[in-house]
Every structure is written in structure tokens, then in C-alpha cells.
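Okay, coords.cif now, which holds mmCIF, C-alpha atoms:
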data_my_file
#
loop_
_atom_site.group_PDB
_atom_site.id
_atom_site.type_symbol
_atom_site.label_atom_id
_atom_site.label_comp_id
_atom_site.auth_asym_id
_atom_site.auth_seq_id
_atom_site.Cartn_x
_atom_site.Cartn_y
_atom_site.Cartn_z
ATOM 1 C CA MET T 1 -71.318 -62.159 -73.068
ATOM 2 C CA SER T 2 -74.713 -63.495 -74.245
ATOM 3 C CA ARG T 3 -75.024 -65.323 -70.924
ATOM 4 C CA LEU T 4 -74.364 -62.093 -69.039
ATOM 5 C CA LEU T 5 -77.009 -60.330 -71.088
ATOM 6 C CA GLU T 6 -79.501 -63.058 -70.252
ATOM 7 C CA LEU T 7 -78.743 -62.693 -66.573
ATOM 8 C CA THR T 8 -79.129 -58.935 -66.682
ATOM 9 C CA TYR T 9 -82.295 -58.929 -68.820
ATOM 10 C CA CYS T 10 -84.750 -56.380 -67.418
ATOM 11 C CA PRO T 11 -88.434 -56.302 -68.333
ATOM 12 C CA LEU T 12 -88.587 -52.582 -67.653
ATOM 13 C CA ALA T 13 -86.073 -51.922 -70.393
ATOM 14 C CA ALA T 14 -87.659 -54.477 -72.710
ATOM 15 C CA ARG T 15 -91.049 -52.751 -72.847
ATOM 16 C CA GLY T 16 -91.073 -49.869 -75.301
ATOM 17 C CA GLY T 17 -92.025 -46.454 -73.968
ATOM 18 C CA GLU T 18 -90.829 -47.069 -70.410
ATOM 19 C CA LYS T 19 -89.120 -44.190 -68.681
ATOM 20 C CA SER T 20 -85.333 -43.976 -68.776
ATOM 21 C CA THR T 21 -85.137 -44.938 -65.103
ATOM 22 C CA GLY T 22 -85.854 -48.528 -66.077
ATOM 23 C CA SER T 23 -82.964 -48.601 -68.517
ATOM 24 C CA THR T 24 -80.673 -46.984 -65.959
ATOM 25 C CA ALA T 25 -81.584 -49.608 -63.366
ATOM 26 C CA CYS T 26 -80.893 -52.401 -65.806
ATOM 27 C CA LEU T 27 -77.568 -50.844 -66.764
ATOM 28 C CA HIS T 28 -76.615 -50.799 -63.100
ATOM 29 C CA MET T 29 -77.588 -54.454 -62.794
ATOM 30 C CA MET T 30 -75.513 -55.307 -65.823
ATOM 31 C CA LEU T 31 -72.468 -53.474 -64.494
ATOM 32 C CA LEU T 32 -72.822 -55.136 -61.100
ATOM 33 C CA THR T 33 -73.030 -58.552 -62.739
ATOM 34 C CA LEU T 34 -69.869 -57.833 -64.739
ATOM 35 C CA LEU T 35 -68.137 -56.566 -61.617
ATOM 36 C CA TYR T 36 -69.077 -59.684 -59.650
ATOM 37 C CA SER T 37 -67.866 -61.875 -62.517
ATOM 38 C CA PHE T 38 -64.514 -60.125 -62.762
ATOM 39 C CA THR T 39 -64.075 -60.063 -58.984
ATOM 40 C CA GLY T 40 -64.877 -63.757 -58.726
ATOM 41 C CA GLY T 41 -62.467 -64.550 -61.547
ATOM 42 C CA ALA T 42 -59.707 -62.504 -59.942
ATOM 43 C CA ALA T 43 -60.302 -64.205 -56.596
ATOM 44 C CA LEU T 44 -60.113 -67.608 -58.271
ATOM 45 C CA LEU T 45 -56.869 -66.740 -60.038
ATOM 46 C CA TYR T 46 -55.363 -65.454 -56.798
ATOM 47 C CA ALA T 47 -56.374 -68.617 -54.958
ATOM 48 C CA LEU T 48 -54.799 -70.715 -57.711
ATOM 49 C CA TYR T 49 -51.573 -68.661 -57.628
ATOM 50 C CA ARG T 50 -51.292 -68.296 -53.869
ATOM 51 C CA TRP T 51 -52.449 -71.647 -52.510
ATOM 52 C CA LEU T 52 -53.712 -74.332 -54.891
ATOM 53 C CA ILE T 53 -50.869 -74.583 -57.430
ATOM 54 C CA PRO T 54 -48.080 -74.203 -54.808
ATOM 55 C CA SER T 55 -49.730 -76.952 -52.747
ATOM 56 C CA ILE T 56 -49.753 -79.281 -55.758
ATOM 57 C CA VAL T 57 -46.258 -78.604 -57.117
ATOM 58 C CA GLN T 58 -44.471 -78.751 -53.762
ATOM 59 C CA TYR T 59 -44.402 -82.565 -54.025
ATOM 60 C CA HIS T 60 -43.156 -82.720 -57.637
ATOM 61 C CA ALA T 61 -39.561 -81.749 -58.422
ATOM 62 C CA GLY T 62 -39.940 -80.726 -62.069
ATOM 63 C CA LEU T 63 -43.220 -78.878 -61.583
ATOM 64 C CA ALA T 64 -41.933 -77.086 -58.484
ATOM 65 C CA LEU T 65 -38.875 -75.745 -60.302
ATOM 66 C CA ILE T 66 -40.849 -74.721 -63.402
ATOM 67 C CA TRP T 67 -43.567 -73.022 -61.357
ATOM 68 C CA HIS T 68 -41.353 -71.169 -58.868
ATOM 69 C CA ASP T 69 -38.184 -70.580 -60.837
ATOM 70 C CA VAL T 70 -39.677 -69.820 -64.252
ATOM 71 C CA ILE T 71 -43.386 -68.923 -64.294
ATOM 72 C CA VAL T 72 -43.759 -67.032 -61.008
ATOM 73 C CA GLU T 73 -40.383 -65.313 -61.200
ATOM 74 C CA ARG T 74 -40.952 -64.017 -64.734
ATOM 75 C CA MET T 75 -44.490 -62.917 -63.930
ATOM 76 C CA LEU T 76 -43.419 -60.973 -60.828
ATOM 77 C CA ASP T 77 -40.407 -59.509 -62.614
ATOM 78 C CA THR T 78 -42.771 -58.113 -65.256
ATOM 79 C CA LEU T 79 -45.424 -56.900 -62.824
ATOM 80 C CA THR T 80 -43.021 -55.273 -60.363
ATOM 81 C CA GLN T 81 -40.300 -54.208 -62.822
ATOM 82 C CA SER T 82 -37.761 -55.666 -60.415
ATOM 83 C CA THR T 83 -35.848 -58.916 -59.998
ATOM 84 C CA ARG T 84 -36.316 -61.627 -57.390
ATOM 85 C CA PRO T 85 -32.966 -60.826 -55.722
ATOM 86 C CA GLN T 86 -33.989 -57.161 -55.498
ATOM 87 C CA ARG T 87 -37.290 -58.109 -53.876
ATOM 88 C CA LEU T 88 -35.453 -60.401 -51.462
ATOM 89 C CA LEU T 89 -33.069 -57.576 -50.532
ATOM 90 C CA ARG T 90 -35.999 -55.236 -49.819
ATOM 91 C CA ALA T 91 -37.485 -57.873 -47.513
ATOM 92 C CA VAL T 92 -34.181 -58.050 -45.616
ATOM 93 C CA GLN T 93 -33.938 -54.269 -45.308
ATOM 94 C CA LYS T 94 -37.537 -54.046 -44.141
ATOM 95 C CA ASN T 95 -37.665 -56.971 -41.712
ATOM 96 C CA ALA T 96 -34.122 -57.765 -40.530
ATOM 97 C CA THR T 97 -32.115 -55.972 -37.868
ATOM 98 C CA ARG T 98 -28.917 -54.464 -39.240
ATOM 99 C CA GLY T 99 -25.899 -56.277 -37.829
ATOM 100 C CA ASP T 100 -27.894 -59.354 -36.767
ATOM 101 C CA PRO T 101 -27.141 -62.326 -39.071
ATOM 102 C CA ARG T 102 -29.854 -64.538 -37.577
ATOM 103 C CA SER T 103 -32.515 -61.915 -38.269
ATOM 104 C CA VAL T 104 -31.288 -61.688 -41.871
ATOM 105 C CA VAL T 105 -31.621 -65.457 -42.280
ATOM 106 C CA LYS T 106 -35.083 -65.357 -40.686
ATOM 107 C CA ALA T 107 -36.230 -62.512 -42.941
ATOM 108 C CA ILE T 108 -35.137 -64.403 -46.063
ATOM 109 C CA ASP T 109 -36.797 -67.619 -44.891
ATOM 110 C CA GLN T 110 -40.048 -65.759 -44.228
ATOM 111 C CA PHE T 111 -39.866 -64.097 -47.637
ATOM 112 C CA CYS T 112 -39.299 -67.456 -49.345
ATOM 113 C CA ARG T 113 -42.037 -69.304 -47.476
ATOM 114 C CA GLN T 114 -44.684 -66.590 -47.368
ATOM 115 C CA LYS T 115 -43.993 -64.420 -50.410
ATOM 116 C CA GLU T 116 -41.751 -65.882 -53.080
ATOM 117 C CA TRP T 117 -39.623 -69.011 -53.422
ATOM 118 C CA ALA T 118 -35.902 -68.514 -53.984
ATOM 119 C CA MET T 119 -33.033 -70.917 -54.602
ATOM 120 C CA ASN T 120 -31.279 -70.605 -51.242
ATOM 121 C CA VAL T 121 -30.152 -73.701 -49.381
ATOM 122 C CA GLY T 122 -33.232 -72.979 -47.233
ATOM 123 C CA ASP T 123 -34.105 -73.328 -43.579
ATOM 124 C CA GLU T 124 -34.335 -77.133 -43.434
ATOM 125 C CA LYS T 125 -31.052 -77.925 -45.190
ATOM 126 C CA GLY T 126 -29.621 -74.783 -43.631
ATOM 127 C CA CYS T 127 -29.755 -76.487 -40.237
ATOM 128 C CA ILE T 128 -27.611 -79.310 -41.632
ATOM 129 C CA LEU T 129 -25.177 -76.755 -43.022
ATOM 130 C CA ASP T 130 -25.038 -75.028 -39.628
ATOM 131 C CA SER T 131 -24.274 -78.279 -37.831
ATOM 132 C CA VAL T 132 -21.407 -79.132 -40.204
ATOM 133 C CA VAL T 133 -19.866 -75.671 -39.836
ATOM 134 C CA SER T 134 -20.238 -75.681 -36.042
ATOM 135 C CA GLU T 135 -18.831 -79.185 -35.725
ATOM 136 C CA MET T 136 -15.808 -78.483 -37.901
ATOM 137 C CA ASN T 137 -15.050 -74.916 -36.734
ATOM 138 C CA PRO T 138 -13.175 -74.181 -39.990
ATOM 139 C CA ALA T 139 -10.565 -71.486 -40.427
ATOM 140 C CA ALA T 140 -10.770 -71.334 -44.243
ATOM 141 C CA VAL T 141 -14.006 -71.862 -46.177
ATOM 142 C CA LEU T 142 -14.771 -71.741 -49.891
ATOM 143 C CA GLU T 143 -18.344 -71.287 -51.102
ATOM 144 C CA LEU T 144 -19.105 -71.960 -54.762
ATOM 145 C CA GLY T 145 -22.246 -70.023 -55.685
ATOM 146 C CA THR T 146 -23.195 -67.011 -53.559
ATOM 147 C CA TYR T 147 -26.552 -66.134 -55.136
ATOM 148 C CA CYS T 148 -28.040 -63.560 -52.704
ATOM 149 C CA GLY T 149 -25.784 -64.371 -49.775
ATOM 150 C CA TYR T 150 -28.156 -66.497 -47.677
ATOM 151 C CA SER T 151 -25.828 -69.442 -47.098
ATOM 152 C CA THR T 152 -22.891 -67.031 -46.919
ATOM 153 C CA VAL T 153 -24.510 -65.345 -43.934
ATOM 154 C CA ARG T 154 -25.320 -68.685 -42.301
ATOM 155 C CA ILE T 155 -21.723 -69.895 -42.656
ATOM 156 C CA ALA T 156 -19.951 -66.642 -41.758
ATOM 157 C CA SER T 157 -22.073 -66.098 -38.650
ATOM 158 C CA LEU T 158 -20.777 -69.395 -37.212
ATOM 159 C CA LEU T 159 -17.094 -69.000 -38.032
ATOM 160 C CA PRO T 160 -14.534 -68.494 -35.244
ATOM 161 C CA PRO T 161 -12.497 -65.278 -34.999
ATOM 162 C CA ASN T 162 -9.773 -64.764 -37.617
ATOM 163 C CA SER T 163 -11.419 -67.278 -39.960
ATOM 164 C CA ARG T 164 -11.982 -66.589 -43.635
ATOM 165 C CA LEU T 165 -14.796 -67.257 -46.082
ATOM 166 C CA ILE T 166 -14.250 -66.799 -49.812
ATOM 167 C CA THR T 167 -17.429 -67.002 -51.853
ATOM 168 C CA LEU T 168 -17.489 -67.098 -55.666
ATOM 169 C CA GLU T 169 -20.378 -65.799 -57.778
ATOM 170 C CA PHE T 170 -20.464 -65.777 -61.571
ATOM 171 C CA ASN T 171 -23.496 -63.463 -61.961
ATOM 172 C CA PRO T 172 -22.607 -59.796 -61.238
ATOM 173 C CA ASP T 173 -26.243 -58.875 -60.511
ATOM 174 C CA PHE T 174 -26.470 -61.597 -57.855
ATOM 175 C CA ALA T 175 -23.112 -60.500 -56.444
ATOM 176 C CA ALA T 176 -24.296 -56.900 -56.083
ATOM 177 C CA ILE T 177 -27.315 -58.005 -54.053
ATOM 178 C CA ALA T 178 -25.271 -60.468 -51.991
ATOM 179 C CA ARG T 179 -22.823 -57.758 -50.959
ATOM 180 C CA GLN T 180 -25.672 -55.683 -49.556
ATOM 181 C CA VAL T 181 -27.205 -58.667 -47.745
ATOM 182 C CA ILE T 182 -23.830 -59.598 -46.231
ATOM 183 C CA ALA T 183 -23.242 -55.978 -45.183
ATOM 184 C CA TRP T 184 -26.721 -55.784 -43.627
ATOM 185 C CA ALA T 185 -25.808 -58.850 -41.557
ATOM 186 C CA GLY T 186 -22.612 -57.118 -40.452
ATOM 187 C CA LEU T 187 -20.348 -59.837 -41.836
ATOM 188 C CA GLU T 188 -18.417 -58.048 -44.578
ATOM 189 C CA ASP T 189 -15.179 -58.316 -42.564
ATOM 190 C CA LYS T 190 -15.399 -62.118 -42.558
ATOM 191 C CA VAL T 191 -16.431 -62.567 -46.196
ATOM 192 C CA GLN T 192 -14.545 -62.012 -49.429
ATOM 193 C CA LEU T 193 -16.938 -62.134 -52.360
ATOM 194 C CA VAL T 194 -15.227 -62.657 -55.706
ATOM 195 C CA GLU T 195 -16.999 -62.344 -59.053
ATOM 196 C CA GLY T 196 -16.094 -64.754 -61.832
ATOM 197 C CA ALA T 197 -16.236 -68.311 -63.050
ATOM 198 C CA SER T 198 -15.207 -70.972 -60.542
ATOM 199 C CA GLY T 199 -13.129 -72.767 -63.169
ATOM 200 C CA ASP T 200 -11.044 -69.623 -63.648
ATOM 201 C CA LEU T 201 -10.749 -68.629 -59.998
ATOM 202 C CA ILE T 202 -9.980 -71.952 -58.278
ATOM 203 C CA PRO T 203 -6.468 -72.241 -59.841
ATOM 204 C CA LYS T 204 -5.706 -68.710 -58.559
ATOM 205 C CA MET T 205 -6.592 -69.362 -54.917
ATOM 206 C CA LYS T 206 -3.046 -69.936 -53.689
ATOM 207 C CA GLU T 207 -1.285 -67.237 -55.680
ATOM 208 C CA GLN T 208 -3.857 -64.426 -55.654
ATOM 209 C CA PHE T 209 -5.792 -65.126 -52.461
ATOM 210 C CA GLY T 210 -3.083 -66.583 -50.242
ATOM 211 C CA VAL T 211 -4.988 -69.792 -49.495
ATOM 212 C CA THR T 212 -3.028 -72.920 -48.609
ATOM 213 C CA THR T 213 -5.949 -75.351 -48.283
ATOM 214 C CA PHE T 214 -9.641 -75.126 -47.437
ATOM 215 C CA ASP T 215 -11.109 -76.815 -44.386
ATOM 216 C CA LEU T 216 -14.644 -76.683 -45.809
ATOM 217 C CA VAL T 217 -16.021 -76.243 -49.322
ATOM 218 C CA PHE T 218 -19.724 -75.637 -49.856
ATOM 219 C CA LEU T 219 -20.861 -76.441 -53.405
ATOM 220 C CA ASP T 220 -24.073 -74.708 -54.450
ATOM 221 C CA HIS T 221 -23.428 -73.316 -57.923
ATOM 222 C CA TRP T 222 -24.047 -74.764 -61.391
ATOM 223 C CA LYS T 223 -24.650 -78.477 -60.877
ATOM 224 C CA ASP T 224 -22.608 -79.472 -63.910
ATOM 225 C CA ARG T 225 -19.606 -77.737 -62.311
ATOM 226 C CA TYR T 226 -19.575 -79.820 -59.118
ATOM 227 C CA LEU T 227 -17.430 -82.607 -60.521
ATOM 228 C CA PRO T 228 -14.964 -80.602 -62.637
ATOM 229 C CA ASP T 229 -14.456 -78.072 -59.827
ATOM 230 C CA THR T 230 -13.867 -80.863 -57.306
ATOM 231 C CA LYS T 231 -11.225 -82.412 -59.564
ATOM 232 C CA LEU T 232 -9.733 -78.955 -60.111
ATOM 233 C CA MET T 233 -9.423 -78.396 -56.346
ATOM 234 C CA GLU T 234 -7.685 -81.759 -56.057
ATOM 235 C CA GLU T 235 -5.253 -80.881 -58.838
ATOM 236 C CA CYS T 236 -4.511 -77.473 -57.300
ATOM 237 C CA GLY T 237 -3.818 -78.991 -53.886
ATOM 238 C CA LEU T 238 -6.579 -77.019 -52.166
ATOM 239 C CA LEU T 239 -7.830 -80.000 -50.172
ATOM 240 C CA ARG T 240 -5.995 -81.418 -47.150
ATOM 241 C CA LYS T 241 -6.618 -84.644 -45.295
ATOM 242 C CA GLY T 242 -9.859 -84.024 -43.387
ATOM 243 C CA SER T 243 -11.193 -81.273 -45.671
ATOM 244 C CA ILE T 244 -14.952 -81.503 -46.093
ATOM 245 C CA LEU T 245 -16.951 -81.015 -49.278
ATOM 246 C CA LEU T 246 -20.609 -80.268 -48.596
ATOM 247 C CA ALA T 247 -22.734 -80.339 -51.752
ATOM 248 C CA ASP T 248 -26.308 -79.033 -52.025
ATOM 249 C CA ASN T 249 -29.060 -80.140 -54.440
ATOM 250 C CA VAL T 250 -27.496 -83.532 -55.107
ATOM 251 C CA ILE T 251 -30.973 -85.041 -55.693
ATOM 252 C CA CYS T 252 -32.965 -82.077 -57.030
ATOM 253 C CA PRO T 253 -32.051 -80.870 -59.599
ATOM 254 C CA GLY T 254 -29.401 -83.556 -59.066
ATOM 255 C CA THR T 255 -25.686 -84.146 -59.616
ATOM 256 C CA PRO T 256 -25.427 -87.812 -60.668
ATOM 257 C CA ASP T 257 -21.899 -87.598 -62.087
ATOM 258 C CA TYR T 258 -20.594 -85.895 -58.948
ATOM 259 C CA LEU T 259 -22.271 -88.421 -56.657
ATOM 260 C CA ALA T 260 -20.972 -91.366 -58.706
ATOM 261 C CA TYR T 261 -17.428 -90.007 -58.468
ATOM 262 C CA ILE T 262 -17.423 -88.931 -54.832
ATOM 263 C CA ARG T 263 -19.067 -92.138 -53.578
ATOM 264 C CA SER T 264 -16.805 -94.497 -55.502
ATOM 265 C CA SER T 265 -13.500 -92.697 -55.020
ATOM 266 C CA PRO T 266 -11.166 -94.154 -52.355
ATOM 267 C CA ARG T 267 -10.085 -90.585 -51.633
ATOM 268 C CA TYR T 268 -13.414 -89.701 -50.005
ATOM 269 C CA GLU T 269 -15.684 -90.930 -47.272
ATOM 270 C CA SER T 270 -19.215 -89.775 -48.078
ATOM 271 C CA GLN T 271 -22.513 -89.455 -46.234
ATOM 272 C CA TYR T 272 -25.895 -88.371 -47.555
ATOM 273 C CA PHE T 273 -28.176 -86.196 -45.438
ATOM 274 C CA LYS T 274 -31.750 -86.594 -46.629
ATOM 275 C CA SER T 275 -33.868 -83.466 -46.605
ATOM 276 C CA HIS T 276 -36.105 -81.477 -48.979
ATOM 277 C CA LEU T 277 -35.662 -78.996 -51.783
ATOM 278 C CA GLU T 278 -35.718 -75.547 -50.257
ATOM 279 C CA TYR T 279 -39.191 -74.511 -49.070
ATOM 280 C CA THR T 280 -40.939 -77.540 -50.643
ATOM 281 C CA LYS T 281 -41.702 -81.198 -49.856
ATOM 282 C CA VAL T 282 -39.621 -82.509 -52.780
ATOM 283 C CA GLU T 283 -36.799 -84.820 -51.692
ATOM 284 C CA ASP T 284 -33.340 -83.346 -51.833
ATOM 285 C CA GLY T 285 -30.293 -83.523 -49.620
ATOM 286 C CA LEU T 286 -26.719 -82.634 -48.860
ATOM 287 C CA GLU T 287 -23.723 -84.871 -49.549
ATOM 288 C CA LYS T 288 -20.937 -84.536 -46.985
ATOM 289 C CA SER T 289 -17.623 -85.911 -48.217
ATOM 290 C CA VAL T 290 -14.436 -86.052 -46.155
ATOM 291 C CA PHE T 291 -11.217 -85.926 -48.182
ATOM 292 C CA LEU T 292 -8.919 -88.727 -47.046
ATOM 293 C CA GLY T 293 -5.835 -87.512 -48.862
#
Step by step, read the file and then write its structure as C-alpha cells.
Amino acid sequence: MSRLLELTYCPLAARGGEKSTGSTACLHMMLLTLLYSFTGGAALLYALYRWLIPSIVQYHAGLALIWHDVIVERMLDTLTQSTRPQRLLRAVQKNATRGDPRSVVKAIDQFCRQKEWAMNVGDEKGCILDSVVSEMNPAAVLELGTYCGYSTVRIASLLPPNSRLITLEFNPDFAAIARQVIAWAGLEDKVQLVEGASGDLIPKMKEQFGVTTFDLVFLDHWKDRYLPDTKLMEECGLLRKGSILLADNVICPGTPDYLAYIRSSPRYESQYFKSHLEYTKVEDGLEKSVFLG
């Protein structure tokens, strides 16, 4: 503050007996100096938030996750009194065409690249997911981890007629948003979203959901559940010869126990597809594993 006072020192106000106009002019100068200081500070903070810090952290896995998934999300939640999934849903409703799955995917990608990062599989790895779905043409698909429905929409939009996608989501708030995103894409008839823990629901697939086996399983939920849920699907007989497991985020945040198991087991033939963590330059990838029986 002393520095600001030095900068706004006015000789008219310093000389005793001067008219009040001198003091008024100096007050104006002081207020303008404060305004310029605050404006410059705000501009600097915005530049740091919008460009500089994201540019730095996009190459570092730990920093990227802390910045996007903790600091920015909590800050925006507080400022907007809303959640990230709610903001993502508003972006879909504003920018996507109802009944057009591709426009829903595009709206979410634009939101995540231009506005706010979110933990979808993302556009880059999403293309790998699309190619696996299109190549396999599955009739029965299980998705572990719905989040806001981004990958659900990508998968369901590529499924043939009379196919079925069951997606499991533990968080009821995420599930509520995902249902609206899926409905906006016009895919609710192809998707059955079930709330609950994967460990509880997988053993019920045959009895309660009428599933014999799954052609494709997309793993994108809690990383420490990849391995136990894979073993549980084996035990429950939900995998047939030729079934494909496609696992996201096997490098970042990482699933070392799952990779060690799936790559060493004689029951699987595995291939790693190198890519990047969604909407960043951090290395990540998808592990495609064919069940050999």
C-alpha cells in the first residue's frame, strides 16, 4: 500500500491551503492506480488459470490429475454452486442436437478441451474404442463405470440392431446425469444403466439380467477393481472364447496388477494401444485382451 501511495503522491494535495479540487484529482489518480493494479492482477490470474498452468501440467501425469480433477473442479464447484457433471450436461443441452449421438460426443469433447477437463475416455482414445466396437460388432456389451455417459454414447451409437449395452455406475449423482446425456443422444432403448457396485452386480448378470456371456467388456471404473472384477467375470462364466476386455487408463493413473495378470495369463492374448490421458499430452493407453477360454 505504501508503494501505491508513493505512486499516487500529488503535489497539489501536499501543499497546505490548496483548493479541494487538487485533493479530488489526487483521489481519482489513486483510485485509478488501484483499479489498474487489481485489473492487472486479475488478468494475470486468469492467464495462469486458463493457459499457463494447463500448458505446463498437460505433460505431467500427477500434476495434471491434481490440477484438473482436484483444484479446478473444487474451485468451479464453489464458484458456480454446481458440479462438473451438471456443467457438462448443460453443455450437451446447449450445443448438441437431440437424438444425434455424434453431436453429443462432439459437445462433450469441446467442453472438455475448451472449458473444463473431465474424466471421459476422451476423443483420442475414443477413436480406439470406436474401432474395437466397429470391428467386433458385439451383441452384448458390459461397461464398468458410466460416469456421465460419454463412452456409453460412443459404444451404443455403433452397436447393431437388437444389441444390448449394460453399463454399471456406483455413484447415483453420476448415474442421474448419465441418464439425461444418454436420453439426449436418443440411445436409451439400447442402454440399460444400473446403479450399484460392480462386485455386487456382476454375479447377478445371468439371473437378474438374462445375460449368457458378454462379447465386449469396457473397464473404466475404479482402477483397483479391474483385476477383481475380471476374475469375478471369469468365475461367473460371463466370458466366452473370443470375448474382448478393453481397459482404459492402464498407464495413467495405472493398473499394474491388472496388466501383470492379463499379460501373463495363458487365458488371454493382450495388446496395448498407446495414446494419451484424456485431453492432455500425458501418456496413457488402452489394453485390449482377447479371452481364449
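Proximity ranking of T:Leu246, T:Ile56, T:Ala178, T:Val194 relative to Lys288 (chain T) places T:Leu246 first, based on only C-alpha atoms.
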What does the PyMOL selection byres ((chain T and resi 85) around 8) select in this file, as a PyMOL selection string? chain T and resi 83-84+86-89+148+174+177
Just write the chosen residues, C-alpha atoms, as a tab-separated table (two decimals), keeping the file's coordinate frame.
chain	number	residue	atom	x	y	z
T	83	THR	CA	-35.85	-58.92	-60.00
T	84	ARG	CA	-36.32	-61.63	-57.39
T	86	GLN	CA	-33.99	-57.16	-55.50
T	87	ARG	CA	-37.29	-58.11	-53.88
T	88	LEU	CA	-35.45	-60.40	-51.46
T	89	LEU	CA	-33.07	-57.58	-50.53
T	148	CYS	CA	-28.04	-63.56	-52.70
T	174	PHE	CA	-26.47	-61.60	-57.86
T	177	ILE	CA	-27.32	-58.00	-54.05
Fewer than 4 positions away in the same chain doesn't count, so skip those; otherwise give me all residues within 10 Å of Trp222 (chain T), counting all atoms listed in the file, as a PyMOL selection string. chain T and resi 144-145+170+198+226+255
As a check of understanding: the span from CA of Leu219 (chain T) to CA of Ala247 (chain T) is 4.6 Å
Quick one: pull the distance between CA of Val57 (chain T) and CA of Leu259 (chain T), Å, one decimal. 25.9 Å
Determine the residue set returned by the PyMOL selection byres ((chain T and resi 209) around 12) for the present structure, and present it as number ranges by chain. T: 140, 142, 164-167, 192-194, 201-208, 210-214, 238
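Distances to Glu278 (chain T) were evaluated for T:Gly186, T:Gly122, T:Pro101, T:Gly196 using all atoms listed in the file, and the minimum falls at T:Gly122.
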Step by step, work through what the PyMOL selection byres ((chain T and resi 114) around 12) selects in the shown file, and finish by giving those residues as a PyMOL selection string. chain T and resi 50-51+54+88+91+106-113+115-118+279
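In terms of minimum interatomic distance to Val181 (chain T), T:Ser103 ranks closest within T:Ser103, T:Ser163, T:Ser243, T:Ser134, counting all atoms listed in the file.
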Distance query Ser131 (chain T) at most 12 Å, only C-alpha atoms, self and fewer than 2 positions along chain excluded, as a list in words: Glu124, Lys125, Gly126, Cys127, Ile128, Leu129, Val133, Ser134, Glu135, Met136, Asn137, Arg154, Ile155, Leu158, Leu159, Leu246, Phe273 and Lys288 of chain T
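Excluding Val290 (chain T) itself and any same-chain residue fewer than 5 positions from it, the protein and nucleic acid residues within 7 Å of it, counting all atoms listed in the file, are Gly242, Ser243, Ile244, Leu245, Tyr268, Glu269 and Ser270 of chain T.
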Given the selection you just returned, output its residues as a file containing C-alpha atoms, formatted as a PDB file, in the frame of the given file.
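Below is the file that was written, again-v4.pdb:
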ATOM      1  CA  GLY T 242      -9.859 -84.024 -43.387  1.00  0.00           C
ATOM      2  CA  SER T 243     -11.193 -81.273 -45.671  1.00  0.00           C
ATOM      3  CA  ILE T 244     -14.952 -81.503 -46.093  1.00  0.00           C
ATOM      4  CA  LEU T 245     -16.951 -81.015 -49.278  1.00  0.00           C
ATOM      5  CA  TYR T 268     -13.414 -89.701 -50.005  1.00  0.00           C
ATOM      6  CA  GLU T 269     -15.684 -90.930 -47.272  1.00  0.00           C
ATOM      7  CA  SER T 270     -19.215 -89.775 -48.078  1.00  0.00           C
TER       8      SER T 270
END
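Between CA of Ala175 (chain T) and CA of Glu195 (chain T) lies a distance of 6.9 Å.
Among the candidates T:Ala139, T:Val282, T:Ala176, T:Val92, the one nearest to Pro161 (chain T) when counting all atoms listed in the file is T:Ala139.
Taking all atoms listed in the file into account, Cys236 (chain T) lies nearest to T:Gly199 out of the set T:Leu292, T:Gln180, T:Asp224, T:Gly199.
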At a cut-off of 10 Å, using only C-alpha atoms, what residues contact region 63-68 of chain T? Leave out same-chain residues fewer than 2 positions from it and give the result as a list in words. Tyr49, Ile53, Pro54, Ser55, Ile56, Val57, Gln58, Tyr59, His60, Ala61, Val70, Ile71, Val72, Glu73, Arg74, Glu116, Trp117, Ala118, Met119, Cys252, Pro253, Leu277, Thr280, Lys281 and Val282 of chain T
Mind filling out region 61-73 of chain T with N, CA and C atoms and sending it as an mmCIF file, keeping the file's coordinate frame?
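For reference, selection_4.cif as written:
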data_model
loop_
_atom_site.group_PDB
_atom_site.id
_atom_site.type_symbol
_atom_site.label_atom_id
_atom_site.label_comp_id
_atom_site.auth_asym_id
_atom_site.auth_seq_id
_atom_site.Cartn_x
_atom_site.Cartn_y
_atom_site.Cartn_z
ATOM 1 N N ALA T 61 -40.801 -82.484 -58.186
ATOM 2 C CA ALA T 61 -39.561 -81.749 -58.422
ATOM 3 C C ALA T 61 -39.617 -80.873 -59.676
ATOM 4 N N GLY T 62 -39.945 -81.474 -60.819
ATOM 5 C CA GLY T 62 -39.940 -80.726 -62.069
ATOM 6 C C GLY T 62 -40.951 -79.607 -62.070
ATOM 7 N N LEU T 63 -42.165 -79.897 -61.609
ATOM 8 C CA LEU T 63 -43.220 -78.878 -61.583
ATOM 9 C C LEU T 63 -42.875 -77.752 -60.612
ATOM 10 N N ALA T 64 -42.290 -78.102 -59.469
ATOM 11 C CA ALA T 64 -41.933 -77.086 -58.484
ATOM 12 C C ALA T 64 -40.923 -76.105 -59.057
ATOM 13 N N LEU T 65 -39.905 -76.617 -59.743
ATOM 14 C CA LEU T 65 -38.875 -75.745 -60.302
ATOM 15 C C LEU T 65 -39.425 -74.888 -61.436
ATOM 16 N N ILE T 66 -40.255 -75.484 -62.296
ATOM 17 C CA ILE T 66 -40.849 -74.721 -63.402
ATOM 18 C C ILE T 66 -41.762 -73.633 -62.871
ATOM 19 N N TRP T 67 -42.607 -73.983 -61.900
ATOM 20 C CA TRP T 67 -43.567 -73.022 -61.357
ATOM 21 C C TRP T 67 -42.847 -71.870 -60.638
ATOM 22 N N HIS T 68 -41.979 -72.204 -59.696
ATOM 23 C CA HIS T 68 -41.353 -71.169 -58.868
ATOM 24 C C HIS T 68 -40.238 -70.423 -59.586
ATOM 25 N N ASP T 69 -39.415 -71.162 -60.308
ATOM 26 C CA ASP T 69 -38.184 -70.580 -60.837
ATOM 27 C C ASP T 69 -38.327 -70.045 -62.255
ATOM 28 N N VAL T 70 -39.463 -70.318 -62.896
ATOM 29 C CA VAL T 70 -39.677 -69.820 -64.252
ATOM 30 C C VAL T 70 -40.959 -68.975 -64.324
ATOM 31 N N ILE T 71 -42.101 -69.608 -64.090
ATOM 32 C CA ILE T 71 -43.386 -68.923 -64.294
ATOM 33 C C ILE T 71 -43.577 -67.772 -63.318
ATOM 34 N N VAL T 72 -43.496 -68.069 -62.014
ATOM 35 C CA VAL T 72 -43.759 -67.032 -61.008
ATOM 36 C C VAL T 72 -42.703 -65.934 -61.062
ATOM 37 N N GLU T 73 -41.442 -66.327 -61.185
ATOM 38 C CA GLU T 73 -40.383 -65.313 -61.200
ATOM 39 C C GLU T 73 -40.546 -64.356 -62.377
#
